[in-house]
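One file, my_file.cif, carrying mmCIF, C-alpha atoms:
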data_data
#
loop_
_atom_site.group_PDB
_atom_site.id
_atom_site.type_symbol
_atom_site.label_atom_id
_atom_site.label_comp_id
_atom_site.auth_asym_id
_atom_site.auth_seq_id
_atom_site.Cartn_x
_atom_site.Cartn_y
_atom_site.Cartn_z
ATOM 1 C CA MET A 1243 -119.326 76.451 -19.268
ATOM 2 C CA LYS A 1244 -119.974 72.834 -20.211
ATOM 3 C CA ILE A 1245 -121.882 70.670 -17.764
ATOM 4 C CA GLN A 1246 -119.487 68.507 -15.773
ATOM 5 C CA LEU A 1247 -119.427 64.780 -15.077
ATOM 6 C CA PHE A 1248 -120.198 64.305 -11.381
ATOM 7 C CA HIS A 1249 -118.767 60.781 -11.178
ATOM 8 C CA ILE A 1250 -115.281 60.197 -9.824
ATOM 9 C CA PHE A 1251 -112.555 57.730 -10.747
ATOM 10 C CA GLU A 1252 -113.517 55.343 -7.947
ATOM 11 C CA ASP A 1253 -116.998 54.934 -9.452
ATOM 12 C CA ILE A 1254 -115.418 53.370 -12.533
ATOM 13 C CA ILE A 1255 -112.898 51.081 -10.858
ATOM 14 C CA GLU A 1256 -114.927 49.809 -7.887
ATOM 15 C CA ILE A 1257 -115.466 46.039 -7.821
ATOM 16 C CA GLU A 1258 -119.260 46.435 -8.048
ATOM 17 C CA ASN A 1259 -118.985 48.364 -11.306
ATOM 18 C CA LEU A 1260 -116.431 45.904 -12.681
ATOM 19 C CA LEU A 1261 -118.801 43.037 -11.846
ATOM 20 C CA GLU A 1262 -121.714 44.732 -13.606
ATOM 21 C CA ALA A 1263 -119.464 45.467 -16.551
ATOM 22 C CA TRP A 1264 -118.499 41.793 -16.668
ATOM 23 C CA LYS A 1265 -122.169 40.774 -16.844
ATOM 24 C CA GLU A 1266 -122.643 43.064 -19.828
ATOM 25 C CA PHE A 1267 -119.423 42.053 -21.540
ATOM 26 C CA VAL A 1268 -119.869 38.290 -21.203
ATOM 27 C CA ARG A 1269 -123.256 38.075 -22.951
ATOM 28 C CA GLY A 1270 -122.904 35.815 -25.952
ATOM 29 C CA LYS A 1271 -119.187 35.267 -25.300
ATOM 30 C CA ARG A 1272 -119.080 32.732 -22.464
ATOM 31 C CA ALA A 1273 -117.927 29.884 -24.697
ATOM 32 C CA LYS A 1274 -114.976 31.781 -26.170
ATOM 33 C CA ALA A 1275 -111.634 30.449 -24.947
ATOM 34 C CA ASP A 1276 -110.188 33.763 -23.725
ATOM 35 C CA VAL A 1277 -113.410 34.736 -21.945
ATOM 36 C CA LEU A 1278 -113.718 31.304 -20.343
ATOM 37 C CA ALA A 1279 -110.119 31.432 -19.114
ATOM 38 C CA PHE A 1280 -110.688 34.860 -17.553
ATOM 39 C CA SER A 1281 -113.940 33.728 -15.897
ATOM 40 C CA LEU A 1282 -112.291 30.737 -14.186
ATOM 41 C CA GLN A 1283 -110.492 33.174 -11.868
ATOM 42 C CA LEU A 1284 -112.936 36.021 -12.204
ATOM 43 C CA MET A 1285 -112.735 37.565 -8.726
ATOM 44 C CA ASP A 1286 -108.938 37.328 -8.671
ATOM 45 C CA ASN A 1287 -108.774 38.976 -12.075
ATOM 46 C CA LEU A 1288 -111.196 41.728 -11.071
ATOM 47 C CA SER A 1289 -109.274 42.333 -7.850
ATOM 48 C CA GLU A 1290 -105.996 42.551 -9.759
ATOM 49 C CA LEU A 1291 -107.498 44.987 -12.286
ATOM 50 C CA ASN A 1292 -108.945 47.090 -9.481
ATOM 51 C CA GLY A 1293 -105.559 47.114 -7.756
ATOM 52 C CA ASP A 1294 -103.674 48.174 -10.875
ATOM 53 C CA LEU A 1295 -106.167 50.963 -11.495
ATOM 54 C CA SER A 1296 -106.139 52.095 -7.843
ATOM 55 C CA ASN A 1297 -102.353 52.226 -7.810
ATOM 56 C CA HIS A 1298 -102.269 53.922 -11.230
ATOM 57 C CA ILE A 1299 -100.110 51.222 -12.776
ATOM 58 C CA TYR A 1300 -102.683 49.926 -15.271
ATOM 59 C CA HIS A 1301 -101.490 49.765 -18.866
ATOM 60 C CA HIS A 1302 -103.719 48.882 -21.787
ATOM 61 C CA GLY A 1303 -102.578 45.786 -23.663
ATOM 62 C CA PRO A 1304 -101.988 45.400 -27.421
ATOM 63 C CA TYR A 1305 -104.604 44.565 -30.032
ATOM 64 C CA GLN A 1306 -105.196 41.588 -32.266
ATOM 65 C CA ALA A 1307 -105.959 42.836 -35.779
ATOM 66 C CA PHE A 1308 -108.154 41.101 -38.347
ATOM 67 C CA SER A 1309 -110.307 42.096 -41.318
ATOM 68 C CA VAL A 1310 -114.000 41.710 -42.073
ATOM 69 C CA HIS A 1311 -116.072 42.516 -45.154
ATOM 70 C CA ASP A 1312 -119.383 44.182 -44.207
ATOM 71 C CA PRO A 1313 -119.695 44.930 -47.126
ATOM 72 C CA LYS A 1314 -116.416 46.787 -47.645
ATOM 73 C CA PRO A 1315 -113.159 45.670 -45.985
ATOM 74 C CA ARG A 1316 -112.783 46.901 -42.412
ATOM 75 C CA SER A 1317 -109.878 46.483 -40.010
ATOM 76 C CA ILE A 1318 -111.032 45.327 -36.584
ATOM 77 C CA HIS A 1319 -108.758 45.550 -33.552
ATOM 78 C CA LYS A 1320 -109.584 43.261 -30.649
ATOM 79 C CA ALA A 1321 -108.210 43.965 -27.179
ATOM 80 C CA PHE A 1322 -107.544 41.432 -24.421
ATOM 81 C CA VAL A 1323 -110.503 40.408 -22.244
ATOM 82 C CA ARG A 1324 -109.129 42.423 -19.314
ATOM 83 C CA ASP A 1325 -109.071 45.614 -21.356
ATOM 84 C CA ARG A 1326 -112.434 44.999 -23.006
ATOM 85 C CA LEU A 1327 -113.960 44.505 -19.564
ATOM 86 C CA LEU A 1328 -112.542 47.868 -18.522
ATOM 87 C CA HIS A 1329 -114.041 49.452 -21.654
ATOM 88 C CA HIS A 1330 -117.455 48.280 -20.452
ATOM 89 C CA ALA A 1331 -116.798 49.626 -16.943
ATOM 90 C CA VAL A 1332 -115.877 53.031 -18.386
ATOM 91 C CA HIS A 1333 -118.851 52.998 -20.748
ATOM 92 C CA ARG A 1334 -121.299 52.195 -17.916
ATOM 93 C CA ILE A 1335 -120.313 55.406 -16.103
ATOM 94 C CA LEU A 1336 -119.671 57.796 -18.993
ATOM 95 C CA TYR A 1337 -122.384 56.885 -21.503
ATOM 96 C CA PRO A 1338 -125.444 58.059 -19.472
ATOM 97 C CA PHE A 1339 -123.776 61.433 -18.899
ATOM 98 C CA PHE A 1340 -122.612 62.070 -22.454
ATOM 99 C CA ASP A 1341 -125.840 60.803 -23.985
ATOM 100 C CA ARG A 1342 -127.612 63.772 -22.381
ATOM 101 C CA THR A 1343 -125.280 66.163 -24.215
ATOM 102 C CA PHE A 1344 -126.012 64.720 -27.674
ATOM 103 C CA VAL A 1345 -128.534 66.192 -30.118
ATOM 104 C CA ALA A 1346 -131.793 64.311 -30.557
ATOM 105 C CA ASP A 1347 -131.113 63.415 -34.183
ATOM 106 C CA SER A 1348 -127.861 61.532 -33.630
ATOM 107 C CA TYR A 1349 -128.825 57.862 -33.933
ATOM 108 C CA SER A 1350 -125.724 55.658 -33.877
ATOM 109 C CA CYS A 1351 -124.824 53.526 -30.834
ATOM 110 C CA ARG A 1352 -127.397 55.120 -28.533
ATOM 111 C CA VAL A 1353 -130.025 53.478 -26.357
ATOM 112 C CA GLY A 1354 -133.478 53.985 -27.859
ATOM 113 C CA LYS A 1355 -132.096 55.161 -31.213
ATOM 114 C CA GLY A 1356 -130.633 53.023 -34.021
ATOM 115 C CA THR A 1357 -131.133 52.647 -37.774
ATOM 116 C CA HIS A 1358 -134.899 52.052 -37.693
ATOM 117 C CA LYS A 1359 -135.511 55.237 -35.703
ATOM 118 C CA ALA A 1360 -133.208 57.164 -38.060
ATOM 119 C CA ILE A 1361 -135.090 55.847 -41.102
ATOM 120 C CA LYS A 1362 -138.417 56.814 -39.539
ATOM 121 C CA ARG A 1363 -137.087 60.304 -38.834
ATOM 122 C CA PHE A 1364 -135.887 60.542 -42.433
ATOM 123 C CA ARG A 1365 -139.443 60.005 -43.636
ATOM 124 C CA GLU A 1366 -140.806 62.563 -41.141
ATOM 125 C CA PHE A 1367 -138.356 65.220 -42.316
ATOM 126 C CA GLY A 1368 -139.056 64.420 -45.971
ATOM 127 C CA ASN A 1369 -142.779 64.889 -45.382
ATOM 128 C CA LYS A 1370 -142.281 68.148 -43.484
ATOM 129 C CA VAL A 1371 -139.896 69.777 -45.937
ATOM 130 C CA GLY A 1372 -141.783 68.447 -48.975
ATOM 131 C CA LYS A 1373 -145.123 69.378 -47.406
ATOM 132 C CA ASN A 1374 -146.397 65.859 -48.011
ATOM 133 C CA ASN A 1375 -144.956 65.734 -51.521
ATOM 134 C CA THR A 1376 -146.495 69.031 -52.683
ATOM 135 C CA ARG A 1377 -143.156 70.828 -53.145
ATOM 136 C CA THR A 1378 -139.593 69.810 -53.995
ATOM 137 C CA CYS A 1379 -137.553 68.453 -51.095
ATOM 138 C CA TRP A 1380 -133.767 68.596 -51.538
ATOM 139 C CA VAL A 1381 -131.389 66.451 -49.495
ATOM 140 C CA LEU A 1382 -127.693 67.061 -48.901
ATOM 141 C CA LYS A 1383 -125.988 63.735 -48.171
ATOM 142 C CA CYS A 1384 -122.447 63.646 -46.745
ATOM 143 C CA ASP A 1385 -120.007 61.011 -45.540
ATOM 144 C CA ILE A 1386 -116.773 61.415 -43.560
ATOM 145 C CA LYS A 1387 -113.747 59.930 -45.297
ATOM 146 C CA LYS A 1388 -112.128 57.120 -43.232
ATOM 147 C CA PHE A 1389 -113.711 58.461 -40.057
ATOM 148 C CA PHE A 1390 -112.400 56.071 -37.385
ATOM 149 C CA ALA A 1391 -108.882 56.125 -38.821
ATOM 150 C CA SER A 1392 -108.940 59.948 -38.963
ATOM 151 C CA VAL A 1393 -110.037 60.853 -35.430
ATOM 152 C CA ASP A 1394 -107.378 63.078 -33.879
ATOM 153 C CA GLN A 1395 -106.622 61.628 -30.446
ATOM 154 C CA LYS A 1396 -105.423 64.945 -28.987
ATOM 155 C CA ILE A 1397 -108.592 66.741 -30.104
ATOM 156 C CA LEU A 1398 -110.726 63.915 -28.692
ATOM 157 C CA TYR A 1399 -108.939 64.165 -25.346
ATOM 158 C CA ALA A 1400 -109.427 67.954 -25.294
ATOM 159 C CA ILE A 1401 -113.159 67.535 -25.921
ATOM 160 C CA LEU A 1402 -113.465 64.989 -23.107
ATOM 161 C CA ALA A 1403 -111.526 67.307 -20.777
ATOM 162 C CA LYS A 1404 -114.148 70.031 -21.283
ATOM 163 C CA TYR A 1405 -116.698 67.784 -19.554
ATOM 164 C CA ILE A 1406 -114.533 65.840 -17.073
ATOM 165 C CA SER A 1407 -112.589 67.460 -14.229
ATOM 166 C CA ASP A 1408 -111.363 64.288 -12.484
ATOM 167 C CA GLU A 1409 -107.709 63.974 -13.494
ATOM 168 C CA ASN A 1410 -107.618 60.245 -12.819
ATOM 169 C CA ILE A 1411 -110.539 59.594 -15.162
ATOM 170 C CA LEU A 1412 -108.857 61.722 -17.810
ATOM 171 C CA ALA A 1413 -105.585 59.827 -17.370
ATOM 172 C CA LEU A 1414 -107.425 56.517 -17.790
ATOM 173 C CA LEU A 1415 -109.221 57.737 -20.920
ATOM 174 C CA GLN A 1416 -105.917 58.947 -22.324
ATOM 175 C CA GLU A 1417 -104.433 55.494 -21.693
ATOM 176 C CA ILE A 1418 -107.307 53.872 -23.597
ATOM 177 C CA ILE A 1419 -107.223 56.379 -26.458
ATOM 178 C CA GLU A 1420 -103.459 56.228 -26.929
ATOM 179 C CA SER A 1421 -103.361 52.423 -26.696
ATOM 180 C CA PHE A 1422 -104.236 52.385 -30.397
ATOM 181 C CA TYR A 1423 -101.380 53.050 -32.801
ATOM 182 C CA ASN A 1424 -102.488 53.852 -36.321
ATOM 183 C CA ILE A 1425 -100.470 54.459 -39.473
ATOM 184 C CA VAL A 1426 -100.510 58.179 -38.644
ATOM 185 C CA PRO A 1427 -99.282 58.951 -35.081
ATOM 186 C CA SER A 1428 -101.954 60.146 -32.618
ATOM 187 C CA ARG A 1429 -104.717 59.352 -35.090
ATOM 188 C CA GLY A 1430 -107.512 56.816 -35.058
ATOM 189 C CA LEU A 1431 -109.893 54.810 -32.903
ATOM 190 C CA PRO A 1432 -109.987 51.005 -32.994
ATOM 191 C CA LEU A 1433 -113.088 49.450 -34.508
ATOM 192 C CA GLY A 1434 -113.894 46.828 -31.905
ATOM 193 C CA ASN A 1435 -113.684 48.851 -28.676
ATOM 194 C CA LEU A 1436 -116.981 49.678 -26.973
ATOM 195 C CA THR A 1437 -115.391 52.943 -25.865
ATOM 196 C CA SER A 1438 -114.732 53.827 -29.526
ATOM 197 C CA GLN A 1439 -118.478 53.992 -30.164
ATOM 198 C CA LEU A 1440 -118.904 56.489 -27.336
ATOM 199 C CA PHE A 1441 -115.794 58.464 -28.273
ATOM 200 C CA ALA A 1442 -117.002 58.696 -31.878
ATOM 201 C CA ASN A 1443 -120.281 60.263 -30.756
ATOM 202 C CA VAL A 1444 -118.496 62.632 -28.366
ATOM 203 C CA TYR A 1445 -116.201 63.684 -31.227
ATOM 204 C CA MET A 1446 -118.966 64.139 -33.798
ATOM 205 C CA ASN A 1447 -121.222 65.873 -31.274
ATOM 206 C CA GLU A 1448 -119.008 68.908 -31.844
ATOM 207 C CA PHE A 1449 -120.180 68.915 -35.448
ATOM 208 C CA ASP A 1450 -123.789 68.099 -34.500
ATOM 209 C CA GLN A 1451 -123.882 71.205 -32.305
ATOM 210 C CA PHE A 1452 -122.334 73.299 -35.081
ATOM 211 C CA ALA A 1453 -124.863 72.006 -37.598
ATOM 212 C CA LYS A 1454 -127.810 72.643 -35.316
ATOM 213 C CA HIS A 1455 -126.859 75.973 -33.732
ATOM 214 C CA LYS A 1456 -124.490 77.684 -36.184
ATOM 215 C CA LEU A 1457 -125.779 76.419 -39.527
ATOM 216 C CA LYS A 1458 -129.374 76.433 -38.216
ATOM 217 C CA THR A 1459 -130.183 73.068 -39.794
ATOM 218 C CA ASN A 1460 -133.661 72.229 -38.510
ATOM 219 C CA TYR A 1461 -133.793 69.001 -40.507
ATOM 220 C CA TYR A 1462 -130.526 67.182 -39.812
ATOM 221 C CA ILE A 1463 -129.890 63.474 -39.147
ATOM 222 C CA ARG A 1464 -126.571 61.789 -38.384
ATOM 223 C CA TYR A 1465 -125.825 58.106 -38.104
ATOM 224 C CA ALA A 1466 -122.136 57.406 -37.340
ATOM 225 C CA ASP A 1467 -120.176 59.237 -40.078
ATOM 226 C CA ASP A 1468 -123.134 59.661 -42.471
ATOM 227 C CA PHE A 1469 -125.432 62.671 -42.257
ATOM 228 C CA VAL A 1470 -128.227 64.283 -44.250
ATOM 229 C CA ILE A 1471 -129.739 67.768 -44.265
ATOM 230 C CA PHE A 1472 -133.157 68.536 -45.777
ATOM 231 C CA SER A 1473 -134.303 71.831 -47.313
ATOM 232 C CA ALA A 1474 -136.651 73.231 -49.937
ATOM 233 C CA ASN A 1475 -133.766 75.515 -51.001
ATOM 234 C CA ARG A 1476 -131.076 73.792 -53.065
ATOM 235 C CA ASP A 1477 -128.812 76.860 -53.136
ATOM 236 C CA TRP A 1478 -128.858 77.084 -49.335
ATOM 237 C CA LEU A 1479 -127.752 73.447 -49.096
ATOM 238 C CA ARG A 1480 -125.013 74.054 -51.657
ATOM 239 C CA GLY A 1481 -123.791 76.998 -49.588
ATOM 240 C CA LEU A 1482 -123.488 74.765 -46.506
ATOM 241 C CA ILE A 1483 -120.900 72.466 -48.106
ATOM 242 C CA PRO A 1484 -117.852 74.762 -47.795
ATOM 243 C CA GLN A 1485 -118.865 75.721 -44.237
ATOM 244 C CA ILE A 1486 -119.190 72.059 -43.277
ATOM 245 C CA GLY A 1487 -115.877 71.189 -44.902
ATOM 246 C CA GLU A 1488 -114.098 74.060 -43.176
ATOM 247 C CA PHE A 1489 -115.444 73.181 -39.721
ATOM 248 C CA LEU A 1490 -114.613 69.491 -40.067
ATOM 249 C CA SER A 1491 -111.104 70.256 -41.304
ATOM 250 C CA ASN A 1492 -110.215 73.029 -38.863
ATOM 251 C CA GLN A 1493 -111.921 71.782 -35.715
ATOM 252 C CA LEU A 1494 -111.860 67.981 -36.048
ATOM 253 C CA LYS A 1495 -109.195 67.256 -38.715
ATOM 254 C CA LEU A 1496 -111.785 65.344 -40.744
ATOM 255 C CA GLU A 1497 -112.526 65.364 -44.470
ATOM 256 C CA LEU A 1498 -115.741 64.925 -46.413
ATOM 257 C CA HIS A 1499 -115.668 61.982 -48.811
ATOM 258 C CA PRO A 1500 -115.778 63.641 -52.256
ATOM 259 C CA ASP A 1501 -117.362 60.606 -53.926
ATOM 260 C CA LYS A 1502 -120.174 60.336 -51.383
ATOM 261 C CA LEU A 1503 -121.337 63.932 -51.318
ATOM 262 C CA PHE A 1504 -124.406 64.937 -53.302
ATOM 263 C CA ILE A 1505 -127.565 67.043 -53.352
ATOM 264 C CA LYS A 1506 -130.605 65.260 -54.769
ATOM 265 C CA THR A 1507 -134.355 65.594 -54.736
ATOM 266 C CA LEU A 1508 -136.155 63.135 -52.531
ATOM 267 C CA ALA A 1509 -138.357 62.279 -55.529
ATOM 268 C CA SER A 1510 -135.294 60.963 -57.389
ATOM 269 C CA GLY A 1511 -134.365 58.645 -54.503
ATOM 270 C CA VAL A 1512 -131.831 59.250 -51.715
ATOM 271 C CA ASP A 1513 -129.541 56.436 -50.569
ATOM 272 C CA PHE A 1514 -129.250 56.408 -46.749
ATOM 273 C CA LEU A 1515 -128.655 53.584 -44.248
ATOM 274 C CA GLY A 1516 -129.101 50.723 -46.701
ATOM 275 C CA TRP A 1517 -132.336 51.981 -48.255
ATOM 276 C CA VAL A 1518 -133.160 54.228 -51.199
ATOM 277 C CA HIS A 1519 -135.775 56.683 -49.921
ATOM 278 C CA PHE A 1520 -138.599 58.274 -51.918
ATOM 279 C CA PRO A 1521 -141.393 60.589 -50.707
ATOM 280 C CA ASP A 1522 -143.927 57.798 -50.151
ATOM 281 C CA HIS A 1523 -141.840 54.619 -49.926
ATOM 282 C CA ARG A 1524 -138.345 53.160 -49.659
ATOM 283 C CA VAL A 1525 -136.658 50.237 -51.377
ATOM 284 C CA LEU A 1526 -133.696 48.154 -50.325
ATOM 285 C CA ARG A 1527 -130.373 49.276 -51.766
ATOM 286 C CA THR A 1528 -129.085 46.818 -54.402
ATOM 287 C CA THR A 1529 -125.799 46.232 -52.587
ATOM 288 C CA THR A 1530 -127.697 45.608 -49.327
ATOM 289 C CA LYS A 1531 -129.935 43.103 -51.103
ATOM 290 C CA LYS A 1532 -126.940 41.251 -52.586
ATOM 291 C CA ARG A 1533 -125.175 41.151 -49.228
ATOM 292 C CA MET A 1534 -128.335 39.840 -47.573
ATOM 293 C CA MET A 1535 -128.770 37.040 -50.116
ATOM 294 C CA LYS A 1536 -125.091 36.089 -49.838
ATOM 295 C CA ARG A 1537 -125.282 35.870 -46.061
ATOM 296 C CA ILE A 1538 -128.432 33.748 -46.185
ATOM 297 C CA VAL A 1539 -126.711 31.326 -48.569
ATOM 298 C CA GLU A 1540 -123.622 31.168 -46.334
ATOM 299 C CA HIS A 1541 -125.605 30.954 -43.070
ATOM 300 C CA PRO A 1542 -129.006 29.387 -43.877
ATOM 301 C CA THR A 1543 -130.255 29.374 -40.303
ATOM 302 C CA PRO A 1544 -133.699 30.346 -38.978
ATOM 303 C CA GLU A 1545 -132.084 33.138 -36.957
ATOM 304 C CA THR A 1546 -130.438 34.697 -40.034
ATOM 305 C CA LEU A 1547 -133.632 34.512 -42.073
ATOM 306 C CA THR A 1548 -135.777 35.908 -39.258
ATOM 307 C CA SER A 1549 -133.460 38.885 -38.797
ATOM 308 C CA TYR A 1550 -133.650 39.806 -42.488
ATOM 309 C CA VAL A 1551 -137.410 39.318 -42.664
ATOM 310 C CA GLY A 1552 -137.589 41.789 -39.789
ATOM 311 C CA LEU A 1553 -135.394 44.220 -41.725
ATOM 312 C CA LEU A 1554 -137.624 44.016 -44.805
ATOM 313 C CA ARG A 1555 -140.667 45.084 -42.790
ATOM 314 C CA HIS A 1556 -139.243 48.609 -42.735
ATOM 315 C CA GLY A 1557 -139.643 49.188 -46.474
ATOM 316 C CA ASN A 1558 -141.378 48.170 -49.681
ATOM 317 C CA ALA A 1559 -139.982 44.675 -50.073
ATOM 318 C CA ARG A 1560 -142.990 42.348 -50.050
ATOM 319 C CA LYS A 1561 -141.864 40.374 -53.106
ATOM 320 C CA LEU A 1562 -138.374 39.889 -51.701
ATOM 321 C CA LYS A 1563 -139.762 38.897 -48.296
ATOM 322 C CA SER A 1564 -142.115 36.399 -49.928
ATOM 323 C CA LEU A 1565 -139.264 34.954 -51.994
ATOM 324 C CA LEU A 1566 -137.112 34.483 -48.903
ATOM 325 C CA LEU A 1567 -139.871 32.699 -47.023
ATOM 326 C CA LYS A 1568 -140.680 30.401 -49.959
ATOM 327 C CA THR A 1569 -137.083 29.434 -50.754
ATOM 328 C CA ASN A 1570 -135.943 29.138 -47.125
ATOM 329 C CA GLU A 1571 -138.697 27.304 -45.293
ATOM 330 C CA PHE A 1572 -138.014 26.648 -41.642
#
Written as structure tokens, that's how I'd like the structure from this file.
Amino acid sequence: MKIQLFHIFEDIIEIENLLEAWKEFVRGKRAKADVLAFSLQLMDNLSELNGDLSNHIYHHGPYQAFSVHDPKPRSIHKAFVRDRLLHHAVHRILYPFFDRTFVADSYSCRVGKGTHKAIKRFREFGNKVGKNNTRTCWVLKCDIKKFFASVDQKILYAILAKYISDENILALLQEIIESFYNIVPSRGLPLGNLTSQLFANVYMNEFDQFAKHKLKTNYYIRYADDFVIFSANRDWLRGLIPQIGEFLSNQLKLELHPDKLFIKTLASGVDFLGWVHFPDHRVLRTTTKKRMMKRIVEHPTPETLTSYVGLLRHGNARKLKSLLLKTNEF
């Protein structure tokens, strides 16, 4: 039997939790018009939200849709302040519990994880499997096709229900999940919701557990919908592909991206999380480099430059770092 969440519905909706959620939500957003308007009557708004939740008459509002290019086009759906605040309140209670159920080598949207930790782990696994570059290390790289748009809402709810017994919490999560209407009915999570980050990890944790315990992948890393598996045996990796595809299709209604699936030697360079990795070094991916230069031209601020200089410290990019500092003095 799965471990069960010990929190109850009241822990999420209590004023104290809503206040703490507000403090988290408002960081960096205080000057925005909708946030400012909500804050002018903060306690009244929190009391009203608490009342609607207590009386089980809360309904999630609609979304404002817009597109961003980072680097490919993405559709972002922004909820009203009231709903986004509730997302934070839910996340504050559920995240610590679910984080304990995740595998160690899942790195997206988790405290103490992130891209830099995933990249460091990539190097560790490459060294272990390649025995410090004394034997061939093969890497299977996979990507989920249109992951957020493909998440099956009914399957997600069923997974959550395995861990949560409180019917009121489940009803609230169902309200949040079903508030998003995609092109395909009962499919998709909105990019923009804090809860979507947690739900994505809960959903993909089903695959993480399968990869670790059924496929026996000792050297597995996942970041969001990208994952890699290391082995000295190319044929073994090739044999995993149909098993992975079958599990994703049958259990999660997901599909591997056919154009982003490959098996390569680490010595030939493996593209993962914006870097091309080799046994003893990594270099910035060309598209990442172009996007970085474009952003610096469009936003030539000290903050932008400092953030990218920090990024370049994680790989072999001394010349590029030097060029940035020389051409963008601050």
Exercise. Find the residues around region 1412-1422 of chain A up to 8 Å (all atoms listed in the file counted), leave out those fewer than 6 positions away in its own chain, and share them as a list in words.
Key: His1301, His1302, Gly1303, Pro1304, Tyr1305, Gln1395, Tyr1399, Leu1402, Ala1403, Ile1406, Ser1428, Gly1430, Leu1431 and Pro1432 of chain A
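Counting from CA of Leu1479 (chain A), the distance to CA of Asp1347 (chain A) is 18.3 Å.
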Quiz item: Just so the selection is clear, what residues does the PyMOL selection byres ((chain A and resi 1385) around 9) cover here, as a ChimeraX atom specification?
Solution: /A:1383-1384,1386-1387,1389,1467-1470,1497-1503
Practice problem: Could you jot down the CA of Glu1256 (chain A) to CA of Asn1292 (chain A) separation for me, Å, one decimal place? | Solution: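 Here the two named atoms are 6.8 Å from each other.
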Self-check item: d(CA of Arg1524 (chain A), CA of Ile1483 (chain A)) in Å
Solution: 26.1 Å
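Here the question is which of A:Asn1410, A:Ser1510, A:Asn1287, A:Ser1348 gets nearest to Ile1250 (chain A) using only C-alpha atoms, and that residue is A:Asn1410.
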Exercise. Step by step, work through what the PyMOL selection byres ((chain A and resi 1465) around 12) selects in the shown file, and finish by giving those residues as number ranges by chain.
Key: A: 1345-1352, 1355-1361, 1363-1364, 1383-1386, 1439, 1442-1443, 1446-1447, 1450, 1462-1464, 1466-1470, 1514-1516
Can I get the selection written as a PDB file, in the frame of the given file, with C-alpha atoms?
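Result went into part-v1.pdb, see below:
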ATOM      1  CA  VAL A1345    -128.534  66.192 -30.118  1.00  0.00           C
ATOM      2  CA  ALA A1346    -131.793  64.311 -30.557  1.00  0.00           C
ATOM      3  CA  ASP A1347    -131.113  63.415 -34.183  1.00  0.00           C
ATOM      4  CA  SER A1348    -127.861  61.532 -33.630  1.00  0.00           C
ATOM      5  CA  TYR A1349    -128.825  57.862 -33.933  1.00  0.00           C
ATOM      6  CA  SER A1350    -125.724  55.658 -33.877  1.00  0.00           C
ATOM      7  CA  CYS A1351    -124.824  53.526 -30.834  1.00  0.00           C
ATOM      8  CA  ARG A1352    -127.397  55.120 -28.533  1.00  0.00           C
ATOM      9  CA  LYS A1355    -132.096  55.161 -31.213  1.00  0.00           C
ATOM     10  CA  GLY A1356    -130.633  53.023 -34.021  1.00  0.00           C
ATOM     11  CA  THR A1357    -131.133  52.647 -37.774  1.00  0.00           C
ATOM     12  CA  HIS A1358    -134.899  52.052 -37.693  1.00  0.00           C
ATOM     13  CA  LYS A1359    -135.511  55.237 -35.703  1.00  0.00           C
ATOM     14  CA  ALA A1360    -133.208  57.164 -38.060  1.00  0.00           C
ATOM     15  CA  ILE A1361    -135.090  55.847 -41.102  1.00  0.00           C
ATOM     16  CA  ARG A1363    -137.087  60.304 -38.834  1.00  0.00           C
ATOM     17  CA  PHE A1364    -135.887  60.542 -42.433  1.00  0.00           C
ATOM     18  CA  LYS A1383    -125.988  63.735 -48.171  1.00  0.00           C
ATOM     19  CA  CYS A1384    -122.447  63.646 -46.745  1.00  0.00           C
ATOM     20  CA  ASP A1385    -120.007  61.011 -45.540  1.00  0.00           C
ATOM     21  CA  ILE A1386    -116.773  61.415 -43.560  1.00  0.00           C
ATOM     22  CA  GLN A1439    -118.478  53.992 -30.164  1.00  0.00           C
ATOM     23  CA  ALA A1442    -117.002  58.696 -31.878  1.00  0.00           C
ATOM     24  CA  ASN A1443    -120.281  60.263 -30.756  1.00  0.00           C
ATOM     25  CA  MET A1446    -118.966  64.139 -33.798  1.00  0.00           C
ATOM     26  CA  ASN A1447    -121.222  65.873 -31.274  1.00  0.00           C
ATOM     27  CA  ASP A1450    -123.789  68.099 -34.500  1.00  0.00           C
ATOM     28  CA  TYR A1462    -130.526  67.182 -39.812  1.00  0.00           C
ATOM     29  CA  ILE A1463    -129.890  63.474 -39.147  1.00  0.00           C
ATOM     30  CA  ARG A1464    -126.571  61.789 -38.384  1.00  0.00           C
ATOM     31  CA  ALA A1466    -122.136  57.406 -37.340  1.00  0.00           C
ATOM     32  CA  ASP A1467    -120.176  59.237 -40.078  1.00  0.00           C
ATOM     33  CA  ASP A1468    -123.134  59.661 -42.471  1.00  0.00           C
ATOM     34  CA  PHE A1469    -125.432  62.671 -42.257  1.00  0.00           C
ATOM     35  CA  VAL A1470    -128.227  64.283 -44.250  1.00  0.00           C
ATOM     36  CA  PHE A1514    -129.250  56.408 -46.749  1.00  0.00           C
ATOM     37  CA  LEU A1515    -128.655  53.584 -44.248  1.00  0.00           C
ATOM     38  CA  GLY A1516    -129.101  50.723 -46.701  1.00  0.00           C
TER      39      GLY A1516
END
Quiz item: Counting all atoms listed in the file, what is within 10 Å of Gly1434 (chain A), bar same-chain residues fewer than 4 positions away, as number ranges by chain?
Solution: A: 1305, 1307, 1317-1321, 1326, 1438-1439
Practice problem: Run the PyMOL selection byres ((chain A and resi 1329-1331) around 10) on the file and write out the hits as a VMD selection string. | Solution: chain A and resid 1253 to 1267 1321 1323 to 1328 1332 to 1337 1415 1418 1435 to 1438
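Here the question is which of A:Thr1343, A:Gly1354, A:Gln1485, A:Ala1474 gets nearest to Glu1448 (chain A) using only C-alpha atoms, and that residue is A:Thr1343.
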Self-check item: Distance criterion (all atoms listed in the file): nearest to Glu1366 (chain A) out of A:Lys1388, A:His1519, A:Lys1456, A:Arg1527
Solution: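 So, comparing all the options, the nearest one is A:His1519.
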